[in-house]
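Step one of this worksheet: look at the structure below.
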Amino acid sequence: MNRYLAILLTFARACLVRDMTFRANFLLECVTSLGWMSMNLAFYLLVFTYTAEIGKGTGWSKEPFFAFVATGLIINSIVQAFFMPSAEELTEMVRTGGLDAVLVQPLDAQFLVSMHRIDFSSFANGAVGVGLLAWAVSRMDHAPPPVAWALYPLLIVCGVAILYGLVIMLAAATILMGRNQSLYDFWFYLTNFSRYPAEIYSGPWGGPLRMICTFVIPILLVVNVPARVIAQPFTGESWGGVAAAVIAAAASLVVSRIVFQRALARYRSASS
Amino acid sequence: MSGGFEAIRPPGQLQGLRTWWTMLKISLEERLVYRGDFVLGTLMRFLPIVTQVFLWTAVFSATNRGDIAGYSRNDIVAYYLLTMLTRAFSSMPGLATSIARSVRDGSVKKFLIQPVDYVSFLLAARVAHKLVYYAVAVVPFGAVFLLCRGYFPPPPDATTIAAFLLSLALSFLLGFFMEATLGMLGFWFMEVSSIVFGYMLVQYLLSGHMFPIDLLAGVPTGLAGVSLADVVHWLPFEYTAYFSAAVWLGKVQGAQLAWSLGIEAAWVVVMAVACRVAWRRGTRRYSAFGG
Amino acid sequence: MHNTDPNAAAAVADPVIEVEGLAKEYRVFDKPEGLAASVRALFHRTSRAVEAVKGVDLVVGRGEFVALLGPNGAGKTTLLKLLSGIITPTRGTARVLGHVPWERADDFRRRFALVMGQRNQLWWDLPAAESFRLHQEIYRIDPARFEKTRDALVDMLDVRRLILQPVRELSLGERMKLELVAALLHEPEVLFLDEPTIGLDVVAQHTIHEFLRDVQRRRRMTVVLTTHYMKDVAALCERVVVITRGDVLYDGSLAEIVDRFTTHKIVTLDFDEAPERALIERFGFPCEFRGPQVVLRIDRSRIADVLPEVLAAAGVRDVSVEDVPLEEIVAELFRSDTRAHAAAEAGS
C-alpha cells in the first residue's frame, strides 16, 4: 500500500513538473475550466431570475441549489483531476501499444491505467466549489447539523467511487474495442444526468428514468446524496440515501474491478 | 484499347467533381465501418436535451406564468430539438484541431506543393462529410422529431420555411469559416487546443445552445435601452444555433428576419475573408521560418 | 519440416523458458472495399481466424542469448508478447522463470524486462532520471542498489549527461540507450528485446551490441531478441530460432545454420590485371568480374579439390575464402520456405 502511495506521489510530482514546464498551457487550462464553470453558474442565475425554485415544493431554491452545484463541482473536479486524463489517454495507449509496457510492470494495471496522469488544473474548479459551498450554506435558512458535516466528506468519497467505477468500465471497453471515442462522449452524457436534483425527473418518463439512474447505473446518487445531506433538512429519511450511496460505491468498485480484469485477459495488443 | 494517350482528359472542373465524388464515397465507407459508434453517438447527443427538458419542466412547475421570455414549456422543448438540427449544420467537429495539427506536424506542406487550394479542399471535404452525416443521421433525427412532434407549434408559412433553410445553409458556411480561421491560428501558436476550448465555451453560451438568447433580453448591459440579447444579435455566434430555431418557431419575423439574415450573410463574408487572409499570411510565415 | 533436434529440449540445462504447442489466434474482421460492399457489411460482417503463432515449441536455458528471426508478420513479436504475458494464448503452455506469463504475477514481472525498439516507455516530457526513479518504486529496488546499478549502466553506455534532459529532446539512439538502462535497473533475469536497434546508426548499433553482450555475460541474463539486422545476430547470439508463418522453421546454433544452409563458399581472387574471362569460366562456377577482381561461388563439397586448380591460374595475387553472408542465408531460408509452402498449397 505504501508503495502505491509512493508511486502516486511520483506520478503527481512528474505531472506537476510537466505542468510547470508548460506553464502558459496550464494556466489556460485553469482559465478555460473556470470559464466553463462560471458560464454554467451564470445560466443558473439566469434561471433563478424567472423562478424561485427548481420544481414545485422540492426545496431546491437558490441557495440550496447552489450548494448542490458546488457539491457537483467538488466531486467532478476530483474525478477529472485523478482519473479522467489517464482514462482518456488509454485509447491512445491501446492504439499504439503503450499498454504493453504497463502490463509487464509488477504493479496493478488498473492502478497504473487510471492514475498515471494527474490534471492539476482541475483542482481550480474544486476550489471554487468549496468557496461556493461555503457561500451557499451560510445563506441558507437552516444550518446543516454536525452529523451532516460529518457525513458530507464520506459521501463525496462515495460519489467519486461510483464515478471511478464507471471510468474503469469505460477503460475496459476501450481495451476490448481498441478505439472508441464515443465511449467518452457517453461518459459526458451519462454524468450529465447527475448534474441536477433527482426531483426534476418525475412524470411518466422521468419516474422510470430516475429509477434506472438510481438503481441500475447509480449516477443520480453521486451528487444528490451528499448535496441533500448538506443542503436540505437532515431527517431520519436521509439515512436511506446514505446507505444507498455507500452500497452503490462498493458495488461500483467491485463490479468495475471484475470487468477490467476480464478485459485485460482478452487484450489483443496492437501489432507493431 | 486504342485511343492512345491523348484520349479523354477530363477538363479541370470535371476532375474536381470526380475528386469530390471519390472523397464522398470514401467518407461514406468510413462512416459505415464505424456505424455502431455513429448511431449511438447521434442518439446520445440528444441526452443532454432530456435533462434540459426536465429542468425546464421543473422550472415551469414552480412558477405560475405560462411563458418565460415568450417561450412556453413546449416551445422550450421544440427549441432545444431545433438547435440540435441547426448545430448539425454549423458544428465542425475536429476541423480547427485537425488544421492546427497538420500545421504542427508539417503535413500541411503538401498543400503548398500540390495544385490544390487548401481552403477549398477542406470545404469540399466538409460538404462531403456533412452529406454523409445527414444520409445516416436522418434516421435517429427523424425518430426523435417524430416522437416529439407534440411539442412543436403548427408548421410556419412557406416564406418562413425558406428563410429557415437559407439560415441553415448560411450557418454551415459560418461555422466552417469560423472554425477554419481558428485552426489557422496554428501558424502562430504551437498549442491551439486551449484557444479552441475557449471558443467552444463562448460559442456554447452565446450561440443559444445552452438557452434561448431571448432569455438575455432582460439582462441590462449598462447602455440605456440595450439588453445583452441586443448585443448578441450583432455577434456571429447565435447564427450557428439560436437563429434558425427561432425562425422556425416564429420568434423572428418580417423586417427583423430580413435584417438578421443580412447580418448572418455579412458574418459569412467576413469570416471567409478572415480565413483566406489567415491562410495567406500563415503560409508565408510558415515558409519563411520553415516547419 | 522442423529442423529441431528432438533431444535439444532435454539437453538444455536449467531451462528458463519452456514453451509447448503455444498458439495464438486472432479474429479479424474483413473490411470490405467499395461502397456496395460496405453497405452489405452493415448487415453481415465476415470474420476469419488468423493464426499468428501456431504450436511453437521452444526451450531456452539460463544465460542463453537467442535470436528470433523471421520475415515481417511471421509471429516473432506475438511470441514475445505471449512470453511477457501481454496477451493470452489460444492454446499451449508456456513457463518463464517457472511462471505462466499471462497470469501476470508480480513475482514474475519483477524478474524480467521487455524493450521494444519502436515504442517509447520513458516519460516523454521529463528527464529519464524521473522515469528511473519511478522504476525504482515500481520494482521496489533498494535505494543503494538502485543507485549503484543505475550509475554502472549509465557509465557503460556513456549517457550520464543525458539522464537529466527531457526525453523528447534526445535522439533516437540516445533514447534507446536510456530505454535499455531503464529496463535493466531491476536486474531482470530474462530480457526480451523487440528490434532494439531499429532505425539506429552504425555507431549506436555497435555501442548497444557491446553493452548488451557485456551485461548479458556479467549477469548471466537470458536474452531473447527479435531483429531484422543480421549484424545484431552475428554480434550477440549463439542460437538462432527461425520463425515463418507462426511456426519454428529452424532452431539451432548460429554456426550450424551457416554450416547447414550454405552450399557455397565465396572465393575472391585478386589478379594483377583483369583476367581473361574464359580462363575463369572454364571451372564452371557462377562468377562475377570486377576489373582485376573475380568473385566465385564454389560448391563446398568441391572446394578442396578445386581451389588449388583455381589458384594455379596465371596472375593470382591474393585470395580469400568466405562464408556466404548471413543476410543471404536467412533470406534464402525464408524464400525456400515460401516456395515449399506454395508448392504444398498447389499440391493439396
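Here, A, B, ... name the chains of the C-alpha cells in the order displayed, residue numbers run from 1 inside each chain, and ligands are numbered from 1 in the same displayed order.
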Discussion item. As a PyMOL selection string, please: the residues near range 137-145 of chain C (cut-off 8 Å, only C-alpha atoms, same-chain neighbours under 2 positions excluded).
Written reply: (chain A and resi 3+6-7+105-107) or (chain C and resi 110+133-135+147-149+186)
Worksheet entry | Contact set, chain A to chain C: 8 Å, only C-alpha atoms, as a list in words |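 Result, ordered by chain then number: Arg3, Ala6, Ile7, Thr10, Phe11, Ala14, Val17, Arg18, Gly97, Gly98, Asp100, Ala101, Leu103, Val104, Gln105, Pro106, Leu107, Ala265, Arg266, Tyr267, Arg268, Ser269 and Ser272 of chain A.
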Using the selection just defined, write its residues with N, CA, C and O atoms as a short mmCIF file (atom, residue, chain, number, x, y, z; two decimals), in the first residue's frame.
data_model
loop_
_atom_site.label_atom_id
_atom_site.label_comp_id
_atom_site.auth_asym_id
_atom_site.auth_seq_id
_atom_site.Cartn_x
_atom_site.Cartn_y
_atom_site.Cartn_z
N ARG A 3 3.82 1.44 -1.06
CA ARG A 3 4.48 1.57 -2.34
C ARG A 3 3.58 2.30 -3.34
O ARG A 3 4.01 3.16 -4.08
N ALA A 6 3.63 5.86 -2.68
CA ALA A 6 4.89 6.44 -3.14
C ALA A 6 4.86 6.63 -4.66
O ALA A 6 5.29 7.67 -5.18
N ILE A 7 4.29 5.64 -5.36
CA ILE A 7 4.23 5.73 -6.83
C ILE A 7 3.28 6.85 -7.24
O ILE A 7 3.57 7.63 -8.14
N THR A 10 5.02 9.98 -6.94
CA THR A 10 5.96 10.15 -8.06
C THR A 10 5.22 10.65 -9.30
O THR A 10 5.67 11.57 -9.98
N PHE A 11 4.06 10.03 -9.57
CA PHE A 11 3.24 10.49 -10.70
C PHE A 11 2.87 11.95 -10.52
O PHE A 11 2.98 12.76 -11.45
N ALA A 14 5.76 14.19 -11.13
CA ALA A 14 6.10 14.26 -12.56
C ALA A 14 5.10 15.13 -13.32
O ALA A 14 5.48 15.94 -14.16
N VAL A 17 5.70 18.75 -12.49
CA VAL A 17 6.89 19.23 -13.21
C VAL A 17 6.51 19.54 -14.66
O VAL A 17 6.84 20.59 -15.21
N ARG A 18 5.74 18.62 -15.23
CA ARG A 18 5.33 18.78 -16.62
C ARG A 18 4.44 20.02 -16.77
O ARG A 18 4.63 20.83 -17.67
N GLY A 97 -0.03 0.62 -28.49
CA GLY A 97 0.64 -0.48 -27.80
C GLY A 97 1.33 -0.06 -26.52
O GLY A 97 2.06 -0.83 -25.91
N GLY A 98 1.12 1.18 -26.09
CA GLY A 98 1.73 1.64 -24.83
C GLY A 98 1.25 0.83 -23.63
O GLY A 98 1.94 0.73 -22.62
N ASP A 100 1.10 -2.27 -23.47
CA ASP A 100 2.02 -3.41 -23.32
C ASP A 100 3.01 -3.15 -22.20
O ASP A 100 3.27 -4.00 -21.35
N ALA A 101 3.57 -1.93 -22.21
CA ALA A 101 4.58 -1.58 -21.22
C ALA A 101 3.98 -1.60 -19.81
O ALA A 101 4.65 -1.95 -18.85
N LEU A 103 1.55 -3.56 -18.83
CA LEU A 103 1.24 -4.92 -18.43
C LEU A 103 2.47 -5.71 -17.98
O LEU A 103 2.32 -6.69 -17.26
N VAL A 104 3.66 -5.31 -18.41
CA VAL A 104 4.83 -6.08 -17.99
C VAL A 104 5.38 -5.59 -16.65
O VAL A 104 6.29 -6.18 -16.10
N GLN A 105 4.83 -4.50 -16.14
CA GLN A 105 5.35 -3.99 -14.88
C GLN A 105 4.66 -4.64 -13.69
O GLN A 105 3.47 -4.90 -13.72
N PRO A 106 5.43 -4.88 -12.63
CA PRO A 106 4.88 -5.58 -11.46
C PRO A 106 4.03 -4.65 -10.61
O PRO A 106 4.38 -4.32 -9.49
N LEU A 107 2.91 -4.22 -11.18
CA LEU A 107 2.08 -3.25 -10.50
C LEU A 107 0.66 -3.49 -10.98
O LEU A 107 0.47 -3.94 -12.10
N ALA A 265 -7.60 -9.77 -19.76
CA ALA A 265 -7.31 -11.13 -20.20
C ALA A 265 -7.56 -11.28 -21.70
O ALA A 265 -6.99 -12.15 -22.34
N ARG A 266 -8.40 -10.39 -22.23
CA ARG A 266 -8.71 -10.50 -23.66
C ARG A 266 -8.04 -9.42 -24.49
O ARG A 266 -8.38 -9.22 -25.66
N TYR A 267 -7.08 -8.76 -23.89
CA TYR A 267 -6.36 -7.69 -24.60
C TYR A 267 -5.61 -8.26 -25.80
O TYR A 267 -4.97 -9.29 -25.69
N ARG A 268 -5.72 -7.58 -26.95
CA ARG A 268 -5.12 -8.10 -28.18
C ARG A 268 -3.74 -7.56 -28.47
O ARG A 268 -2.97 -8.17 -29.17
N SER A 269 -3.47 -6.36 -27.98
CA SER A 269 -2.21 -5.68 -28.23
C SER A 269 -2.10 -5.28 -29.70
O SER A 269 -2.34 -6.07 -30.59
N SER A 272 2.85 -4.39 -34.19
CA SER A 272 3.83 -3.33 -34.45
C SER A 272 4.46 -3.55 -35.80
O SER A 272 4.37 -4.60 -36.38
#
Discussion item. Taking only C-alpha atoms into account, name the residue in B:Gly175, B:Gly218, B:Gly225, B:Pro153 that is nearest to chain A.
Written reply: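 Closest candidate: B:Gly218.
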Discussion item. Using only C-alpha atoms, which protein or nucleic acid residues come within 10 Å of range 233-239 of chain C? Drop anything in the same chain fewer than 4 positions from it, and give the result as a list in words.
Written reply: Val60, Glu64, Phe65, Val66, Ala67, Leu68, Leu69, His206, His209, Glu210, Leu212, Arg213, Asp214, Gln216, Val223, Val224, Leu225, Thr226, Thr227, His228, Tyr229, Asp251, Gly252, Ser253, Leu254, Ala255, Glu256, Ile257 and Leu326 of chain C
Practice prompt. Using CA of Leu185 in chain C and CA of Arg220 in chain C as the two end points, give the distance in Å to one decimal.
Written response: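 According to the coordinates, CA of Leu185 in chain C and CA of Arg220 in chain C are separated by 15.1 Å.
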Worksheet entry | Spatial neighbours of Gly131 in chain A, max dist 12 Å, only C-alpha atoms, sep filter under 3 positions, as a PyMOL selection string | chain A and resi 66-67+69-71+73-74+124-128+134-138
Convert the current residue selection to file output with all heavy atoms, as a compact mmCIF listing (two decimals), in the first residue's frame.
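Below is the file that was written, out23.txt:
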# COMPACT_ATOMS: atom_id res chain seq x y z
N PHE A 66 -27.46 26.08 -5.24
CA PHE A 66 -26.04 26.36 -5.47
C PHE A 66 -25.14 25.49 -4.61
O PHE A 66 -24.03 25.16 -5.02
CB PHE A 66 -25.76 27.85 -5.29
CG PHE A 66 -26.01 28.62 -6.55
CD1 PHE A 66 -27.21 29.31 -6.75
CD2 PHE A 66 -25.08 28.62 -7.57
CE1 PHE A 66 -27.47 29.98 -7.93
CE2 PHE A 66 -25.34 29.29 -8.76
CZ PHE A 66 -26.52 29.98 -8.94
N ALA A 67 -25.63 25.08 -3.44
CA ALA A 67 -24.87 24.11 -2.63
C ALA A 67 -24.79 22.78 -3.40
O ALA A 67 -23.76 22.10 -3.40
CB ALA A 67 -25.53 23.91 -1.28
N VAL A 69 -24.90 22.48 -6.71
CA VAL A 69 -23.97 22.70 -7.81
C VAL A 69 -22.53 22.63 -7.30
O VAL A 69 -21.64 22.03 -7.93
CB VAL A 69 -24.24 24.06 -8.49
CG1 VAL A 69 -23.14 24.39 -9.49
CG2 VAL A 69 -25.60 24.04 -9.17
N ALA A 70 -22.28 23.21 -6.12
CA ALA A 70 -20.94 23.20 -5.54
C ALA A 70 -20.48 21.77 -5.27
O ALA A 70 -19.33 21.41 -5.55
CB ALA A 70 -20.92 24.02 -4.25
N THR A 71 -21.39 20.95 -4.75
CA THR A 71 -21.06 19.55 -4.48
C THR A 71 -20.66 18.85 -5.78
O THR A 71 -19.66 18.13 -5.83
CB THR A 71 -22.26 18.83 -3.86
OG1 THR A 71 -22.70 19.60 -2.72
CG2 THR A 71 -21.91 17.44 -3.42
N LEU A 73 -19.42 20.25 -8.38
CA LEU A 73 -18.11 20.76 -8.81
C LEU A 73 -16.98 20.05 -8.07
O LEU A 73 -15.97 19.68 -8.67
CB LEU A 73 -18.03 22.27 -8.50
CG LEU A 73 -18.71 23.21 -9.48
CD1 LEU A 73 -18.62 24.64 -8.98
CD2 LEU A 73 -18.03 23.10 -10.84
N ILE A 74 -17.16 19.86 -6.77
CA ILE A 74 -16.10 19.24 -5.96
C ILE A 74 -15.87 17.81 -6.44
O ILE A 74 -14.74 17.40 -6.72
CB ILE A 74 -16.47 19.27 -4.46
CG1 ILE A 74 -16.50 20.72 -3.97
CG2 ILE A 74 -15.48 18.44 -3.66
CD1 ILE A 74 -17.13 20.90 -2.60
N ALA A 124 -8.76 23.66 -9.74
CA ALA A 124 -9.27 25.03 -9.72
C ALA A 124 -10.78 25.03 -9.52
O ALA A 124 -11.31 25.75 -8.67
CB ALA A 124 -8.89 25.74 -11.02
N ASN A 125 -11.47 24.17 -10.27
CA ASN A 125 -12.92 24.08 -10.14
C ASN A 125 -13.33 23.62 -8.75
O ASN A 125 -14.31 24.10 -8.20
CB ASN A 125 -13.47 23.10 -11.17
CG ASN A 125 -13.77 23.79 -12.48
OD1 ASN A 125 -13.59 24.99 -12.60
ND2 ASN A 125 -14.21 23.02 -13.45
N GLY A 126 -12.58 22.65 -8.22
CA GLY A 126 -12.89 22.13 -6.90
C GLY A 126 -12.79 23.24 -5.85
O GLY A 126 -13.64 23.35 -4.96
N ALA A 127 -11.74 24.07 -5.99
CA ALA A 127 -11.55 25.17 -5.04
C ALA A 127 -12.74 26.12 -5.10
O ALA A 127 -13.27 26.53 -4.05
CB ALA A 127 -10.26 25.89 -5.35
N VAL A 128 -13.16 26.44 -6.32
CA VAL A 128 -14.33 27.31 -6.46
C VAL A 128 -15.55 26.63 -5.86
O VAL A 128 -16.38 27.27 -5.19
CB VAL A 128 -14.58 27.66 -7.95
CG1 VAL A 128 -15.87 28.43 -8.09
CG2 VAL A 128 -13.42 28.46 -8.49
N ALA A 134 -19.46 27.13 0.75
CA ALA A 134 -19.44 27.94 1.97
C ALA A 134 -20.42 29.10 1.84
O ALA A 134 -21.22 29.37 2.75
CB ALA A 134 -18.02 28.45 2.22
N TRP A 135 -20.40 29.77 0.72
CA TRP A 135 -21.29 30.92 0.49
C TRP A 135 -22.76 30.48 0.55
O TRP A 135 -23.56 31.08 1.26
CB TRP A 135 -20.97 31.52 -0.88
CG TRP A 135 -21.92 32.61 -1.29
CD1 TRP A 135 -21.86 33.92 -0.94
CD2 TRP A 135 -23.08 32.47 -2.12
NE1 TRP A 135 -22.91 34.61 -1.48
CE2 TRP A 135 -23.68 33.74 -2.22
CE3 TRP A 135 -23.67 31.39 -2.79
CZ2 TRP A 135 -24.84 33.97 -2.98
CZ3 TRP A 135 -24.83 31.61 -3.53
CH2 TRP A 135 -25.39 32.89 -3.62
N ALA A 136 -23.06 29.40 -0.18
CA ALA A 136 -24.46 28.96 -0.27
C ALA A 136 -24.98 28.50 1.08
O ALA A 136 -26.09 28.86 1.49
CB ALA A 136 -24.59 27.84 -1.30
N VAL A 137 -24.16 27.71 1.79
CA VAL A 137 -24.61 27.17 3.08
C VAL A 137 -24.81 28.29 4.09
O VAL A 137 -25.77 28.29 4.87
CB VAL A 137 -23.61 26.10 3.60
CG1 VAL A 137 -23.92 25.73 5.04
CG2 VAL A 137 -23.65 24.86 2.73
N SER A 138 -23.93 29.29 4.07
CA SER A 138 -24.05 30.38 5.04
C SER A 138 -25.31 31.21 4.81
O SER A 138 -25.80 31.87 5.70
CB SER A 138 -22.81 31.26 4.99
OG SER A 138 -22.83 32.01 3.78
Practice prompt. Select from range 27-258 of chain A everything DSSP, run on the backbone, classes as alpha helix (DSSP H), then give the selection as a ChimeraX atom specification.
Written response: /A:27-48,62-82,84-96,98-103,109-115,123-138,146-177,181-192,203-211,219-231,238-258
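Picture a line from CA of Val19 in chain C to CA of Leu58 in chain C; it runs 4.9 Å.
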Item to complete: Would you kindly report the residues of chain B within 9 Å of chain A, using only C-alpha atoms, as a ChimeraX atom specification?
Response: /B:37-38,40-41,44-48,50-51,54-63,68-69,191,194-195,197-198,201-202,205,210-211,215-216,219
Fill in: range 96-104 of chain B surroundings by only C-alpha atoms, 10 Å radius, close-in-sequence under 3 positions cut, as a PyMOL selection string
chain B and resi 92-93+107-110+118+122+176-193+195-196+282-283+286+291
Discussion item. If we count only C-alpha atoms and set the cut-off at 7 Å, which residues sit around range 146-159 of chain A, ignoring sequence neighbours fewer than 2 positions away in its own chain? Please answer as a PyMOL selection string.
Written reply: chain A and resi 75+144+161-163+222-223+226+229-230+245-246+249
Discussion item. Please identify the strand (DSSP E or B) residues within range 45-273 of chain C (assignment by DSSP from backbone atoms) and present them as a ChimeraX atom specification.
Written reply: /C:47-61,65-69,91-96,99,112-116,127,166,190-194,222-226,239-244,247-253,264-271
Item to complete: Within 12 Å of Gln253 in chain B, counting only C-alpha atoms, which residues show up once you throw out same-chain ones fewer than 4 positions away? Write them as a list of chain:residue names, please.
Response: B:Pro156, B:Asp157, B:Thr159, B:Thr160, B:Ile161, B:Ala163, B:Phe164, B:Phe243, B:Ser244, B:Ala246, B:Val247, B:Trp248, B:Leu249, B:Leu257, B:Ala258, B:Trp259, B:Ser260, B:Leu261
Grab the residues selected above and save them as a PDB file, in the first residue's frame with N, CA and C atoms.
ATOM      1  N   PRO B 156     -44.711  26.623 -39.922  1.00  0.00           N
ATOM      2  CA  PRO B 156     -44.854  28.006 -40.371  1.00  0.00           C
ATOM      3  C   PRO B 156     -45.130  28.091 -41.865  1.00  0.00           C
ATOM      4  N   ASP B 157     -45.340  29.342 -42.365  1.00  0.00           N
ATOM      5  CA  ASP B 157     -45.651  29.527 -43.784  1.00  0.00           C
ATOM      6  C   ASP B 157     -44.397  29.320 -44.643  1.00  0.00           C
ATOM      7  N   THR B 159     -42.658  31.242 -46.631  1.00  0.00           N
ATOM      8  CA  THR B 159     -41.578  32.232 -46.549  1.00  0.00           C
ATOM      9  C   THR B 159     -40.681  31.919 -45.353  1.00  0.00           C
ATOM     10  N   THR B 160     -41.311  31.634 -44.236  1.00  0.00           N
ATOM     11  CA  THR B 160     -40.531  31.331 -43.038  1.00  0.00           C
ATOM     12  C   THR B 160     -39.680  30.081 -43.258  1.00  0.00           C
ATOM     13  N   ILE B 161     -40.285  29.078 -43.902  1.00  0.00           N
ATOM     14  CA  ILE B 161     -39.535  27.845 -44.162  1.00  0.00           C
ATOM     15  C   ILE B 161     -38.337  28.146 -45.065  1.00  0.00           C
ATOM     16  N   ALA B 163     -36.770  31.002 -45.342  1.00  0.00           N
ATOM     17  CA  ALA B 163     -35.782  31.728 -44.540  1.00  0.00           C
ATOM     18  C   ALA B 163     -35.029  30.774 -43.625  1.00  0.00           C
ATOM     19  N   PHE B 164     -35.781  29.815 -43.080  1.00  0.00           N
ATOM     20  CA  PHE B 164     -35.176  28.811 -42.201  1.00  0.00           C
ATOM     21  C   PHE B 164     -34.088  28.028 -42.940  1.00  0.00           C
ATOM     22  N   PHE B 243     -30.514  31.167 -34.049  1.00  0.00           N
ATOM     23  CA  PHE B 243     -31.262  31.899 -35.053  1.00  0.00           C
ATOM     24  C   PHE B 243     -32.233  31.025 -35.850  1.00  0.00           C
ATOM     25  N   SER B 244     -31.741  29.953 -36.438  1.00  0.00           N
ATOM     26  CA  SER B 244     -32.612  29.116 -37.269  1.00  0.00           C
ATOM     27  C   SER B 244     -33.777  28.557 -36.461  1.00  0.00           C
ATOM     28  N   ALA B 246     -35.123  29.883 -33.806  1.00  0.00           N
ATOM     29  CA  ALA B 246     -36.060  30.976 -33.524  1.00  0.00           C
ATOM     30  C   ALA B 246     -36.906  31.296 -34.747  1.00  0.00           C
ATOM     31  N   VAL B 247     -36.293  31.209 -35.918  1.00  0.00           N
ATOM     32  CA  VAL B 247     -37.033  31.472 -37.163  1.00  0.00           C
ATOM     33  C   VAL B 247     -38.173  30.466 -37.308  1.00  0.00           C
ATOM     34  N   TRP B 248     -37.861  29.210 -37.125  1.00  0.00           N
ATOM     35  CA  TRP B 248     -38.883  28.168 -37.273  1.00  0.00           C
ATOM     36  C   TRP B 248     -40.021  28.370 -36.277  1.00  0.00           C
ATOM     37  N   LEU B 249     -39.672  28.781 -35.066  1.00  0.00           N
ATOM     38  CA  LEU B 249     -40.688  28.948 -34.030  1.00  0.00           C
ATOM     39  C   LEU B 249     -41.404  30.293 -34.137  1.00  0.00           C
ATOM     40  N   LEU B 257     -36.479  39.703 -39.506  1.00  0.00           N
ATOM     41  CA  LEU B 257     -35.972  38.465 -40.090  1.00  0.00           C
ATOM     42  C   LEU B 257     -34.995  38.775 -41.227  1.00  0.00           C
ATOM     43  N   ALA B 258     -35.427  39.688 -42.130  1.00  0.00           N
ATOM     44  CA  ALA B 258     -34.570  40.042 -43.268  1.00  0.00           C
ATOM     45  C   ALA B 258     -33.260  40.656 -42.773  1.00  0.00           C
ATOM     46  N   TRP B 259     -33.386  41.529 -41.826  1.00  0.00           N
ATOM     47  CA  TRP B 259     -32.243  42.220 -41.237  1.00  0.00           C
ATOM     48  C   TRP B 259     -31.243  41.211 -40.628  1.00  0.00           C
ATOM     49  N   SER B 260     -31.797  40.253 -39.879  1.00  0.00           N
ATOM     50  CA  SER B 260     -30.938  39.249 -39.235  1.00  0.00           C
ATOM     51  C   SER B 260     -30.233  38.366 -40.265  1.00  0.00           C
ATOM     52  N   LEU B 261     -30.988  37.980 -41.314  1.00  0.00           N
ATOM     53  CA  LEU B 261     -30.348  37.175 -42.377  1.00  0.00           C
ATOM     54  C   LEU B 261     -29.203  37.963 -42.996  1.00  0.00           C
TER      55      LEU B 261
END
